[in-house]
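To be precise, the following lines are input.txt, and they hold compact mmCIF, C-alpha atoms (C1' of nucleotides).
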```txt
# COMPACT_ATOMS: atom_id res chain seq x y z
CA MET W 1 -31.39 2.84 4.46
CA PRO W 2 -31.98 -0.87 4.01
CA THR W 3 -34.34 -1.65 1.21
CA ALA W 4 -36.72 -3.85 3.12
CA LYS W 5 -36.55 -3.89 6.89
CA SER W 6 -34.88 -1.08 8.74
CA SER W 7 -33.97 -3.41 11.57
CA SER W 8 -30.43 -2.74 12.64
CA TYR W 9 -29.24 -6.29 12.56
CA HIS W 10 -30.65 -7.93 9.52
CA HIS W 11 -30.02 -5.94 6.42
CA GLY W 12 -33.04 -7.21 4.59
CA ASP W 13 -31.57 -7.83 1.20
CA LEU W 14 -27.83 -7.83 1.58
CA ARG W 15 -27.32 -10.11 -1.36
CA ARG W 16 -28.93 -7.69 -3.76
CA ALA W 17 -27.23 -4.70 -2.17
CA ILE W 18 -23.81 -6.25 -2.51
CA LEU W 19 -24.43 -7.37 -6.06
CA ALA W 20 -25.54 -3.88 -7.02
CA ALA W 21 -22.54 -2.27 -5.36
CA ALA W 22 -20.23 -4.78 -7.02
CA LEU W 23 -21.64 -3.97 -10.44
CA ASP W 24 -21.04 -0.28 -9.83
CA VAL W 25 -17.45 -0.85 -8.84
CA ILE W 26 -16.73 -3.19 -11.74
CA ALA W 27 -18.29 -0.86 -14.29
CA ALA W 28 -16.27 2.03 -12.95
CA GLU W 29 -12.89 0.48 -12.18
CA GLY W 30 -12.93 -3.09 -13.43
CA PRO W 31 -13.14 -6.40 -11.61
CA GLY W 32 -9.66 -6.01 -10.19
CA ALA W 33 -10.71 -3.11 -8.03
CA LEU W 34 -13.39 -5.17 -6.37
CA SER W 35 -12.94 -5.71 -2.65
CA LEU W 36 -15.33 -7.63 -0.45
CA ARG W 37 -14.48 -5.41 2.48
CA ASP W 38 -15.27 -2.31 0.49
CA LEU W 39 -18.61 -3.72 -0.58
CA ALA W 40 -19.39 -4.55 3.03
CA ARG W 41 -18.55 -0.99 4.01
CA ARG W 42 -20.84 0.42 1.33
CA ALA W 43 -23.68 -1.73 2.53
CA GLY W 44 -23.00 -0.76 6.12
CA VAL W 45 -22.34 -4.25 7.39
CA SER W 46 -19.36 -6.00 8.88
CA HIS W 47 -16.46 -7.09 6.73
CA ALA W 48 -17.31 -10.77 6.76
CA ALA W 49 -21.00 -10.47 5.93
CA PRO W 50 -20.58 -10.83 2.16
CA ALA W 51 -18.86 -14.17 2.59
CA HIS W 52 -22.05 -15.64 3.95
CA HIS W 53 -23.95 -14.91 0.75
CA PHE W 54 -21.19 -15.62 -1.70
CA LYS W 55 -18.57 -17.83 -0.06
CA ASP W 56 -15.71 -16.22 -1.94
CA ARG W 57 -14.63 -13.32 -4.06
CA THR W 58 -14.76 -15.88 -6.83
CA GLY W 59 -18.23 -16.84 -5.71
CA LEU W 60 -19.45 -13.29 -6.03
CA LEU W 61 -18.04 -12.95 -9.52
CA THR W 62 -19.52 -16.30 -10.47
CA ALA W 63 -22.94 -15.14 -9.32
CA ILE W 64 -22.57 -12.00 -11.41
CA ALA W 65 -21.56 -14.01 -14.45
CA ALA W 66 -24.51 -16.35 -14.05
CA GLU W 67 -26.89 -13.42 -13.75
CA GLY W 68 -25.26 -11.98 -16.83
CA PHE W 69 -25.81 -15.08 -18.94
CA ALA W 70 -29.43 -15.18 -17.83
CA LEU W 71 -29.92 -11.53 -18.79
CA LEU W 72 -28.20 -12.17 -22.11
CA ALA W 73 -30.47 -15.10 -22.87
CA ASP W 74 -33.50 -12.92 -22.13
CA ALA W 75 -32.15 -10.14 -24.33
CA LEU W 76 -31.52 -12.50 -27.24
CA ALA W 77 -34.99 -13.97 -26.92
CA GLU W 78 -36.48 -10.55 -27.54
CA ALA W 79 -35.62 -10.60 -31.23
CA ALA W 80 -36.18 -13.30 -33.82
CA GLU W 81 -34.09 -12.21 -36.76
CA LEU W 82 -30.38 -12.93 -36.67
CA ARG W 83 -29.08 -9.43 -37.29
CA GLU W 84 -31.37 -7.97 -34.68
CA ARG W 85 -30.15 -10.59 -32.26
CA GLY W 86 -26.67 -9.32 -32.86
CA VAL W 87 -27.90 -5.87 -31.96
CA ARG W 88 -29.36 -7.25 -28.73
CA TYR W 89 -26.03 -8.83 -27.95
CA LEU W 90 -24.35 -5.48 -28.39
CA ARG W 91 -27.06 -3.67 -26.45
CA PHE W 92 -26.65 -6.11 -23.60
CA GLY W 93 -22.95 -5.33 -23.47
CA ILE W 94 -23.61 -1.61 -23.41
CA GLN W 95 -26.31 -1.78 -20.78
CA HIS W 96 -24.57 -4.31 -18.58
CA PRO W 97 -20.85 -3.70 -19.05
CA ALA W 98 -19.94 -5.11 -15.66
CA HIS W 99 -21.70 -8.39 -16.30
CA PHE W 100 -20.25 -8.64 -19.77
CA GLN W 101 -16.74 -8.04 -18.57
CA VAL W 102 -16.92 -10.78 -15.96
CA MET W 103 -18.76 -13.37 -18.04
CA PHE W 104 -15.91 -13.90 -20.46
CA GLN W 105 -13.04 -13.99 -18.03
CA PRO W 106 -12.98 -17.62 -16.91
CA ASP W 107 -10.02 -17.17 -14.61
CA LEU W 108 -12.20 -15.07 -12.32
CA LEU W 109 -14.98 -17.63 -12.13
CA ARG W 110 -15.78 -20.99 -10.65
CA THR W 111 -16.36 -22.51 -14.06
CA ASP W 112 -18.00 -25.65 -12.69
CA ASP W 113 -20.71 -23.84 -10.77
CA PRO W 114 -24.05 -25.43 -11.72
CA THR W 115 -25.99 -22.16 -11.77
CA LEU W 116 -23.40 -20.63 -14.06
CA LEU W 117 -23.37 -23.65 -16.33
CA ALA W 118 -27.14 -23.67 -16.61
CA ALA W 119 -27.34 -19.97 -17.44
CA ARG W 120 -24.56 -20.25 -19.97
CA ALA W 121 -26.21 -23.23 -21.60
CA ARG W 122 -29.45 -21.29 -21.94
CA ALA W 123 -27.66 -18.34 -23.53
CA GLY W 124 -25.80 -20.73 -25.83
CA ALA W 125 -29.01 -22.33 -26.95
CA GLU W 126 -30.49 -18.93 -27.65
CA LEU W 127 -27.45 -18.04 -29.71
CA ARG W 128 -27.69 -21.17 -31.79
CA SER W 129 -31.42 -20.85 -32.35
CA GLY W 130 -30.80 -17.42 -33.84
CA VAL W 131 -28.64 -18.90 -36.55
CA ALA W 132 -31.06 -21.72 -37.20
CA ALA W 133 -33.73 -19.11 -37.93
CA VAL W 134 -31.91 -18.05 -41.07
CA PRO W 135 -33.54 -20.18 -43.78
CA GLU W 136 -30.77 -20.55 -46.31
CA SER W 137 -28.14 -21.47 -43.78
CA GLY W 138 -27.26 -25.01 -44.63
CA ARG W 139 -27.06 -27.81 -42.16
CA GLY W 140 -24.05 -29.23 -40.44
CA ASP W 141 -20.72 -27.50 -40.70
CA ASP W 142 -21.93 -24.46 -42.58
CA ALA W 143 -24.59 -23.63 -40.02
CA ARG W 144 -22.12 -24.09 -37.23
CA LEU W 145 -19.60 -21.90 -38.96
CA ALA W 146 -22.20 -19.22 -39.58
CA GLY W 147 -23.06 -19.30 -35.91
CA ILE W 148 -19.46 -18.85 -34.91
CA ALA W 149 -19.10 -16.05 -37.43
CA ALA W 150 -22.12 -14.16 -36.17
CA TRP W 151 -21.14 -14.63 -32.58
CA SER W 152 -17.54 -13.61 -33.22
CA LEU W 153 -18.61 -10.48 -35.01
CA ALA W 154 -21.06 -9.36 -32.34
CA HIS W 155 -18.72 -10.33 -29.54
CA GLY W 156 -15.70 -8.69 -31.10
CA PHE W 157 -17.50 -5.47 -31.80
CA THR W 158 -18.94 -5.32 -28.31
CA THR W 159 -15.64 -6.16 -26.67
CA LEU W 160 -13.70 -3.59 -28.65
CA LEU W 161 -16.34 -0.98 -27.94
CA LEU W 162 -16.29 -1.62 -24.21
CA SER W 163 -12.50 -1.59 -24.11
CA GLU W 164 -12.51 1.89 -25.61
CA ASN W 165 -10.70 0.67 -28.71
CA LEU W 166 -13.45 1.76 -31.08
CA ARG W 167 -13.61 5.26 -29.68
CA ASP W 168 -12.35 7.11 -32.74
CA PRO W 169 -14.01 5.12 -35.52
CA VAL W 170 -17.45 5.10 -33.93
CA ASP W 171 -17.06 8.65 -32.76
CA GLY W 172 -20.38 10.16 -31.80
CA ARG W 173 -22.58 7.75 -33.71
CA ASP W 174 -24.92 5.28 -32.13
CA PRO W 175 -22.98 2.01 -31.78
CA GLU W 176 -26.06 0.00 -32.68
CA ASP W 177 -26.38 1.84 -35.98
CA VAL W 178 -22.73 1.30 -36.75
CA PHE W 179 -23.16 -2.38 -36.03
CA ARG W 180 -26.19 -2.60 -38.32
CA SER W 181 -24.26 -0.95 -41.15
CA LEU W 182 -21.50 -3.38 -40.49
CA THR W 183 -23.68 -6.45 -40.87
CA LYS W 184 -25.30 -5.02 -43.98
CA LEU W 185 -21.87 -4.69 -45.46
CA LEU W 186 -21.03 -8.32 -44.76
CA PHE W 187 -24.35 -9.99 -45.49
CA SER W 188 -25.49 -7.72 -48.28
CA ASP W 189 -26.70 -10.56 -50.47
CA SER W 190 -28.35 -12.95 -48.06
CA GLN W 191 -30.54 -10.53 -46.14
CA SER W 192 -32.53 -7.35 -46.76
CA MET D 1 21.54 -18.80 -12.69
CA PRO D 2 21.29 -15.21 -13.80
CA THR D 3 21.47 -14.74 -17.52
CA ALA D 4 24.32 -12.29 -17.58
CA LYS D 5 26.40 -11.74 -14.48
CA SER D 6 26.32 -14.20 -11.64
CA SER D 7 27.11 -11.50 -9.16
CA SER D 8 24.95 -11.94 -6.09
CA TYR D 9 23.71 -8.41 -5.82
CA HIS D 10 22.86 -7.29 -9.32
CA HIS D 11 20.67 -9.71 -11.17
CA GLY D 12 21.81 -8.80 -14.64
CA ASP D 13 18.51 -8.75 -16.48
CA LEU D 14 15.85 -8.58 -13.87
CA ARG D 15 13.44 -6.75 -16.11
CA ARG D 16 13.35 -9.55 -18.63
CA ALA D 17 13.19 -12.22 -15.96
CA ILE D 18 10.22 -10.61 -14.27
CA LEU D 19 8.41 -10.02 -17.54
CA ALA D 20 8.88 -13.65 -18.51
CA ALA D 21 7.67 -14.90 -15.14
CA ALA D 22 4.69 -12.57 -15.30
CA LEU D 23 3.69 -13.90 -18.72
CA ASP D 24 3.81 -17.44 -17.38
CA VAL D 25 1.59 -16.60 -14.44
CA ILE D 26 -0.92 -14.65 -16.52
CA ALA D 27 -1.17 -17.35 -19.15
CA ALA D 28 -1.75 -19.95 -16.48
CA GLU D 29 -3.98 -18.17 -13.99
CA GLY D 30 -4.94 -14.81 -15.42
CA PRO D 31 -3.80 -11.29 -14.60
CA GLY D 32 -5.61 -11.34 -11.28
CA ALA D 33 -3.28 -13.97 -9.89
CA LEU D 34 -0.26 -11.82 -10.58
CA SER D 35 1.73 -10.77 -7.52
CA LEU D 36 4.85 -8.65 -7.58
CA ARG D 37 6.19 -10.40 -4.53
CA ASP D 38 5.71 -13.77 -6.13
CA LEU D 39 7.53 -12.65 -9.24
CA ALA D 40 10.37 -11.37 -7.09
CA ARG D 41 10.54 -14.73 -5.34
CA ARG D 42 10.69 -16.57 -8.66
CA ALA D 43 13.54 -14.38 -9.82
CA GLY D 44 15.32 -14.83 -6.52
CA VAL D 45 15.40 -11.17 -5.60
CA SER D 46 13.96 -9.15 -2.79
CA HIS D 47 10.29 -8.32 -2.69
CA ALA D 48 10.66 -4.68 -3.68
CA ALA D 49 13.01 -5.18 -6.58
CA PRO D 50 10.32 -5.31 -9.27
CA ALA D 51 9.05 -1.89 -8.29
CA HIS D 52 12.33 -0.42 -9.37
CA HIS D 53 11.82 -1.54 -12.95
CA PHE D 54 8.10 -1.12 -13.22
CA LYS D 55 6.96 1.36 -10.60
CA ASP D 56 3.66 -0.40 -10.07
CA ARG D 57 1.67 -3.50 -10.64
CA THR D 58 -0.10 -1.34 -13.21
CA GLY D 59 3.26 -0.36 -14.64
CA LEU D 60 4.21 -3.98 -15.18
CA LEU D 61 0.95 -4.73 -16.94
CA THR D 62 1.33 -1.60 -19.04
CA ALA D 63 4.77 -2.73 -20.14
CA ILE D 64 3.34 -6.11 -21.10
CA ALA D 65 0.55 -4.51 -23.07
CA ALA D 66 2.97 -2.24 -24.91
CA GLU D 67 5.18 -5.20 -25.78
CA GLY D 68 2.04 -6.99 -26.93
CA PHE D 69 1.00 -4.24 -29.32
CA ALA D 70 4.50 -4.14 -30.74
CA LEU D 71 4.48 -7.90 -31.30
CA LEU D 72 1.03 -7.67 -32.86
CA ALA D 73 2.15 -4.97 -35.26
CA ASP D 74 5.08 -7.15 -36.31
CA ALA D 75 2.80 -10.14 -36.77
CA LEU D 76 0.37 -8.18 -38.92
CA ALA D 77 3.18 -6.82 -41.06
CA GLU D 78 4.13 -10.37 -42.01
CA ALA D 79 1.12 -10.79 -44.30
CA ALA D 80 -0.20 -8.53 -47.01
CA GLU D 81 -3.62 -9.90 -47.79
CA LEU D 82 -6.48 -9.01 -45.49
CA ARG D 83 -7.71 -12.49 -44.67
CA GLU D 84 -4.22 -13.69 -43.92
CA ARG D 85 -3.76 -10.70 -41.64
CA GLY D 86 -6.79 -11.89 -39.73
CA VAL D 87 -5.09 -15.23 -39.37
CA ARG D 88 -1.99 -13.48 -38.01
CA TYR D 89 -4.16 -11.67 -35.52
CA LEU D 90 -5.57 -14.97 -34.35
CA ARG D 91 -2.16 -16.61 -34.32
CA PHE D 92 -0.81 -13.79 -32.22
CA GLY D 93 -3.57 -14.37 -29.67
CA ILE D 94 -2.82 -18.09 -29.55
CA GLN D 95 0.93 -17.67 -29.28
CA HIS D 96 0.82 -14.78 -26.81
CA PRO D 97 -2.33 -15.30 -24.77
CA ALA D 98 -0.99 -13.39 -21.79
CA HIS D 99 -0.18 -10.31 -23.82
CA PHE D 100 -3.50 -10.48 -25.60
CA GLN D 101 -5.45 -10.77 -22.40
CA VAL D 102 -3.83 -7.71 -20.88
CA MET D 103 -3.84 -5.51 -23.98
CA PHE D 104 -7.60 -5.19 -24.13
CA GLN D 105 -8.32 -4.62 -20.48
CA PRO D 106 -7.84 -0.88 -20.05
CA ASP D 107 -8.67 -0.88 -16.37
CA LEU D 108 -5.45 -2.77 -15.72
CA LEU D 109 -3.30 -0.32 -17.65
CA ARG D 110 -1.92 3.18 -17.45
CA THR D 111 -3.68 4.20 -20.63
CA ASP D 112 -1.74 7.44 -21.02
CA ASP D 113 1.66 5.78 -21.01
CA PRO D 114 3.58 7.08 -24.05
CA THR D 115 5.24 3.75 -24.85
CA LEU D 116 1.88 2.03 -24.79
CA LEU D 117 0.27 4.73 -26.92
CA ALA D 118 3.04 4.54 -29.50
CA ALA D 119 2.87 0.76 -29.76
CA ARG D 120 -0.89 0.80 -30.01
CA ALA D 121 -0.78 3.45 -32.70
CA ARG D 122 1.62 1.35 -34.72
CA ALA D 123 -0.61 -1.71 -34.43
CA GLY D 124 -3.62 0.40 -35.34
CA ALA D 125 -1.91 1.70 -38.46
CA GLU D 126 -1.02 -1.82 -39.45
CA LEU D 127 -4.63 -2.86 -39.00
CA ARG D 128 -5.90 -0.06 -41.19
CA SER D 129 -3.35 -0.62 -43.92
CA GLY D 130 -4.57 -4.19 -44.20
CA VAL D 131 -8.04 -3.03 -45.11
CA ALA D 132 -6.72 -0.43 -47.54
CA ALA D 133 -4.98 -3.24 -49.42
CA VAL D 134 -8.31 -4.65 -50.54
CA PRO D 135 -8.88 -3.02 -53.94
CA GLU D 136 -12.66 -2.88 -54.14
CA SER D 137 -13.11 -1.49 -50.67
CA GLY D 138 -14.52 1.97 -51.28
CA ARG D 139 -13.22 5.07 -49.65
CA GLY D 140 -14.51 6.89 -46.62
CA ASP D 141 -17.18 5.30 -44.48
CA ASP D 142 -17.29 1.98 -46.26
CA ALA D 143 -13.60 1.39 -45.86
CA ARG D 144 -13.76 2.34 -42.23
CA LEU D 145 -16.72 0.05 -41.69
CA ALA D 146 -14.96 -2.79 -43.44
CA GLY D 147 -11.99 -2.25 -41.17
CA ILE D 148 -14.14 -2.40 -38.06
CA ALA D 149 -15.87 -5.48 -39.40
CA ALA D 150 -12.64 -7.32 -40.09
CA TRP D 151 -11.16 -6.33 -36.78
CA SER D 152 -14.32 -7.26 -34.86
CA LEU D 153 -14.45 -10.65 -36.50
CA ALA D 154 -10.83 -11.52 -35.83
CA HIS D 155 -10.91 -10.06 -32.36
CA GLY D 156 -14.17 -11.75 -31.42
CA PHE D 157 -13.04 -15.13 -32.66
CA THR D 158 -9.71 -14.87 -30.87
CA THR D 159 -11.29 -13.66 -27.65
CA LEU D 160 -13.91 -16.38 -27.61
CA LEU D 161 -11.30 -18.99 -28.37
CA LEU D 162 -9.02 -17.85 -25.56
CA SER D 163 -11.87 -17.69 -23.09
CA GLU D 164 -12.66 -21.34 -23.78
CA ASN D 165 -16.07 -20.46 -25.18
CA LEU D 166 -15.38 -22.01 -28.58
CA ARG D 167 -14.20 -25.27 -27.16
CA ASP D 168 -17.01 -27.48 -28.45
CA PRO D 169 -17.58 -25.96 -31.90
CA VAL D 170 -13.91 -25.87 -32.84
CA ASP D 171 -13.30 -29.22 -31.23
CA GLY D 172 -10.04 -30.72 -32.38
CA ARG D 173 -9.66 -28.69 -35.55
CA ASP D 174 -6.97 -26.15 -36.14
CA PRO D 175 -8.40 -22.77 -35.08
CA GLU D 176 -6.67 -21.06 -37.98
CA ASP D 177 -8.41 -23.33 -40.48
CA VAL D 178 -11.75 -22.73 -38.82
CA PHE D 179 -11.16 -19.01 -39.04
CA ARG D 180 -10.26 -19.24 -42.72
CA SER D 181 -13.45 -21.18 -43.46
CA LEU D 182 -15.31 -18.55 -41.55
CA THR D 183 -14.01 -15.68 -43.61
CA LYS D 184 -14.63 -17.58 -46.81
CA LEU D 185 -18.22 -17.98 -45.76
CA LEU D 186 -18.59 -14.26 -45.19
CA PHE D 187 -16.59 -12.87 -48.07
CA SER D 188 -17.36 -15.56 -50.61
CA ASP D 189 -18.01 -13.08 -53.40
CA SER D 190 -15.32 -10.49 -52.98
CA GLN D 191 -12.29 -12.75 -52.57
CA SER D 192 -11.03 -16.11 -53.80
C1' DA R 1 40.87 7.68 -7.18
C1' DG R 2 36.61 9.22 -6.20
C1' DT R 3 31.88 10.26 -6.93
C1' DC R 4 27.48 9.73 -8.69
C1' DG R 5 23.54 7.26 -10.14
C1' DA R 6 21.34 2.92 -11.03
C1' DA R 7 20.20 -1.60 -9.22
C1' DC R 8 18.95 -3.94 -5.38
C1' DT R 9 17.88 -4.81 -0.10
C1' DT R 10 15.69 -4.27 4.23
C1' DG R 11 12.05 -2.96 7.14
C1' DA R 12 7.57 -1.12 8.05
C1' DC R 13 2.62 0.04 7.20
C1' DA R 14 -2.15 -0.24 5.81
C1' DG R 15 -5.34 -2.90 3.32
C1' DT R 16 -6.95 -7.35 1.64
C1' DG R 17 -9.22 -12.34 1.45
C1' DA R 18 -10.16 -16.20 4.09
C1' DC R 19 -11.34 -18.41 8.24
C1' DT R 20 -13.26 -19.04 12.96
C1' DA R 21 -16.24 -18.64 16.93
C1' DG R 22 -19.87 -16.35 18.77
C1' DA R 23 -23.87 -13.04 19.03
C1' DT R 24 -28.43 -11.69 17.33
C1' DT R 25 -32.60 -12.12 14.86
C1' DC R 26 -36.17 -14.46 12.31
C1' DC R 27 -39.33 -18.19 11.23
C1' DT R 28 -41.57 -22.27 11.81
C1' DC R 29 -43.72 -25.81 14.25
C1' DG R 30 -45.31 -27.60 18.44
C1' DC J 1 -47.47 -18.51 22.66
C1' DG J 2 -43.03 -19.73 23.01
C1' DA J 3 -39.22 -22.70 22.19
C1' DG J 4 -35.52 -24.15 19.06
C1' DG J 5 -33.11 -24.25 14.87
C1' DA J 6 -31.46 -21.97 10.95
C1' DA J 7 -30.17 -17.82 8.69
C1' DT J 8 -27.83 -13.68 9.21
C1' DC J 9 -24.48 -10.73 10.90
C1' DT J 10 -20.32 -9.33 14.22
C1' DA J 11 -15.64 -9.49 15.85
C1' DG J 12 -11.09 -11.10 15.86
C1' DT J 13 -7.13 -13.40 13.68
C1' DC J 14 -3.74 -14.92 10.08
C1' DA J 15 -0.99 -14.84 6.02
C1' DC J 16 -0.45 -12.19 2.18
C1' DT J 17 -0.20 -8.14 -0.79
C1' DG J 18 1.35 -3.32 -2.80
C1' DT J 19 3.71 0.65 -1.67
C1' DC J 20 6.85 3.72 0.69
C1' DA J 21 11.30 5.31 2.80
C1' DA J 22 15.89 4.51 3.81
C1' DG J 23 19.93 2.00 3.46
C1' DT J 24 23.68 -0.89 0.62
C1' DT J 25 26.24 -2.44 -3.30
C1' DC J 26 27.88 -2.10 -7.78
C1' DG J 27 29.69 -0.22 -12.09
C1' DA J 28 30.78 3.49 -15.14
C1' DC J 29 32.62 7.76 -16.10
C1' DT J 30 35.50 11.79 -15.24
```
Entire entry expressed as structure tokens:
Amino acid sequence: MPTAKSSSYHHGDLRRAILAAALDVIAAEGPGALSLRDLARRAGVSHAAPAHHFKDRTGLLTAIAAEGFALLADALAEAAELRERGVRYLRFGIQHPAHFQVMFQPDLLRTDDPTLLAARARAGAELRSGVAAVPESGRGDDARLAGIAAWSLAHGFTTLLLSENLRDPVDGRDPEDVFRSLTKLLFSDSQS
Amino acid sequence: MPTAKSSSYHHGDLRRAILAAALDVIAAEGPGALSLRDLARRAGVSHAAPAHHFKDRTGLLTAIAAEGFALLADALAEAAELRERGVRYLRFGIQHPAHFQVMFQPDLLRTDDPTLLAARARAGAELRSGVAAVPESGRGDDARLAGIAAWSLAHGFTTLLLSENLRDPVDGRDPEDVFRSLTKLLFSDSQS
DNA sequence: AGTCGAACTTGACAGTGACTAGATTCCTCG
DNA sequence: CGAGGAATCTAGTCACTGTCAAGTTCGACT
């Protein structure tokens, strides 16, 4: 059943429906398994309908990536302290694996799309402001390096977790807890 | 000209030729742009020839990933000290971007392939032995955590670099130097 | 010499993304 | 109220892809 109108012709909210279906497929089988025709079938519309909302296959993925960066920016804004921001980064990856997967694969995206650029810039600003919040982080190069370090750590951990490469080490434990222990190990002196 | 025989029917070393072409394509346009038929065309053979060497598209990518893990294990074995192993990890990603990209995308691979599993196990062992080489790393959980931390950092940095997300911050500097500074910042107390 | 298997070819099929022209519906403005 | 224009969706086509099944050629071994 269409979400809004049950009129037979207009779907009501095809854009949302297709996005949702796409996220399901990507989370389950990866971006490669994504087919516009399949998405159209799931939504019960003709095979060319998706193209009207997202031009391309690339366009669809770009929209997903942009949405992802916006969600990530929101998630980061929830916490003030740097370590907890790292946890939000990780949590975002766990809760939105499909978005995460697409966001960092530039060859799938239209990297000059203004919406994408804006969302990414917002997320980037949020990332940087997290590092700036740490008082003793110096200015200039050191602060920039610390930012890269924090980002690399959170990103690497999240990526490895999502790619099933941390299956054994993390085992049954809560990934967020493991990540917290991890940061405590590295930053034992500078933070609580 | 074929590498070995110039006989018109048998290529001589089709497997190598197709692998090489595939790496070029992936490095330039990502794994999504890879087409068996295109690879066949580049090698000057018929469209179904690749399937004989690698069953599938998935089979081809699995072979690449396995080769990647083997190369990574070799690269890690070159250095003894942990930080320098991180640098080798990064260097591997820079020198073999196509391999790296495919290795950590399980949805593209036949994850139960024995060759792949063996190569990955070898790389994993090499990773762990690097952490064990650090004297003051405790046993048990701490050592395991330290391993995950080191791996996450190196992996995150490499991934972000390859996905063009570290373009501005790294700017013109040598990525390896940036990474070294980064680790010095984090492990300032425990190592030189 | 002869055969057997591996390497490669040829041909065919269904599914895909992209494009086009046209049908239907909705909304706004007179 | 009742056009008309824009948004939305349908239907058909084209080149391309992966995969399958069946042939052909080659080389190595007995």
Contacts of Pro175 (chain D) at 12 Å or less, counting only C-alpha atoms (C1' of nucleotides), minus same-chain residues fewer than 3 places along, as a VMD selection string? (chain W and resid 145 148) or (chain D and resid 86 to 91 93 to 94 154 157 to 158 160 to 162 166 to 172 178 to 182)
So that I can check the surroundings of region 68-75 of chain D, please list as a list in words every protein, DNA and RNA residue that reaches within 8 Å of it, counting all atoms listed in the file and ignoring chain neighbours fewer than 4 positions away. Ile64, Ala79, Arg88, Tyr89, Phe92, His96, His99, Phe100, Met103, Leu116, Ala119, Arg120, Arg122, Ala123, Gly124 and Glu126 of chain D
Closest atom pairs, residues of chain W within 9 Å of chain D, all atoms listed in the file, as a tab-separated table:
```
residue	atom	partner	partner_atom	distance
W:Ala28	CA	D:Asp107	CA	8.8
W:Glu29	CA	D:Asp107	CA	6.1
W:Gly30	CA	D:Asp107	CA	5.6
W:Pro31	CA	D:Asp107	CA	8.6
W:Gly32	CA	D:Gly32	CA	6.8
W:Ala33	CA	D:Asp107	CA	8.9
W:Phe104	CA	D:Ser163	CA	6.1
W:Gln105	CA	D:Ser163	CA	6.4
W:Pro106	CA	D:Ser163	CA	6.3
W:Asp107	CA	D:Gly30	CA	5.7
W:Leu108	CA	D:Gly32	CA	7.6
W:Asp142	CA	D:Leu185	CA	8.1
W:Arg144	CA	D:Pro169	CA	7.2
W:Leu145	CA	D:Leu182	CA	6.0
W:Ala146	CA	D:Leu182	CA	7.2
W:Ile148	CA	D:Phe157	CA	7.8
W:Ala149	CA	D:Leu182	CA	6.1
W:Ala150	CA	D:Leu153	CA	8.4
W:Trp151	CA	D:Gly156	CA	7.6
W:Ser152	CA	D:Gly156	CA	4.2
W:Leu153	CA	D:Leu153	CA	4.4
W:Ala154	CA	D:Gly156	CA	7.4
W:His155	CA	D:Gly156	CA	5.1
W:Gly156	CA	D:Gly156	CA	3.4
W:Phe157	CA	D:Ser152	CA	4.8
W:Thr158	CA	D:Ser152	CA	8.2
W:Thr159	CA	D:Gly156	CA	7.5
W:Leu160	CA	D:Ser152	CA	7.2
W:Ser163	CA	D:Phe104	CA	6.1
W:Glu164	CA	D:Pro106	CA	7.8
W:Asn165	CA	D:Phe104	CA	8.1
W:Leu166	CA	D:Ile148	CA	8.2
W:Pro169	CA	D:Arg144	CA	7.3
W:Val178	CA	D:Leu145	CA	7.9
W:Phe179	CA	D:Ala149	CA	8.6
W:Ser181	CA	D:Leu145	CA	7.6
W:Leu182	CA	D:Leu145	CA	6.0
W:Thr183	CA	D:Ala149	CA	8.0
W:Leu185	CA	D:Ala146	CA	7.4
W:Leu186	CA	D:Leu186	CA	6.4
W:Phe187	CA	D:Leu186	CA	7.2
```
I'd like the interatomic distance between CA of Val131 (chain W) and CA of Leu82 (chain W), to a tenth of an Å. 6.2 Å
Residues of chain D within 12 Å of chain R, using only C-alpha atoms (C1' of nucleotides), as a PyMOL selection string? chain D and resi 7-15+40+44-53
Please determine the contact residues of chain J with respect to chain W at a cut-off of 8 Å, counting only C-alpha atoms (C1' of nucleotides), and supply them as a ChimeraX atom specification. /J:8-10
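With only C-alpha atoms as the atoms that count, the residue of D:Ala65, D:Ala80, D:Ala98, D:Leu109 with the shortest distance to Val134 (chain D) is D:Ala80.
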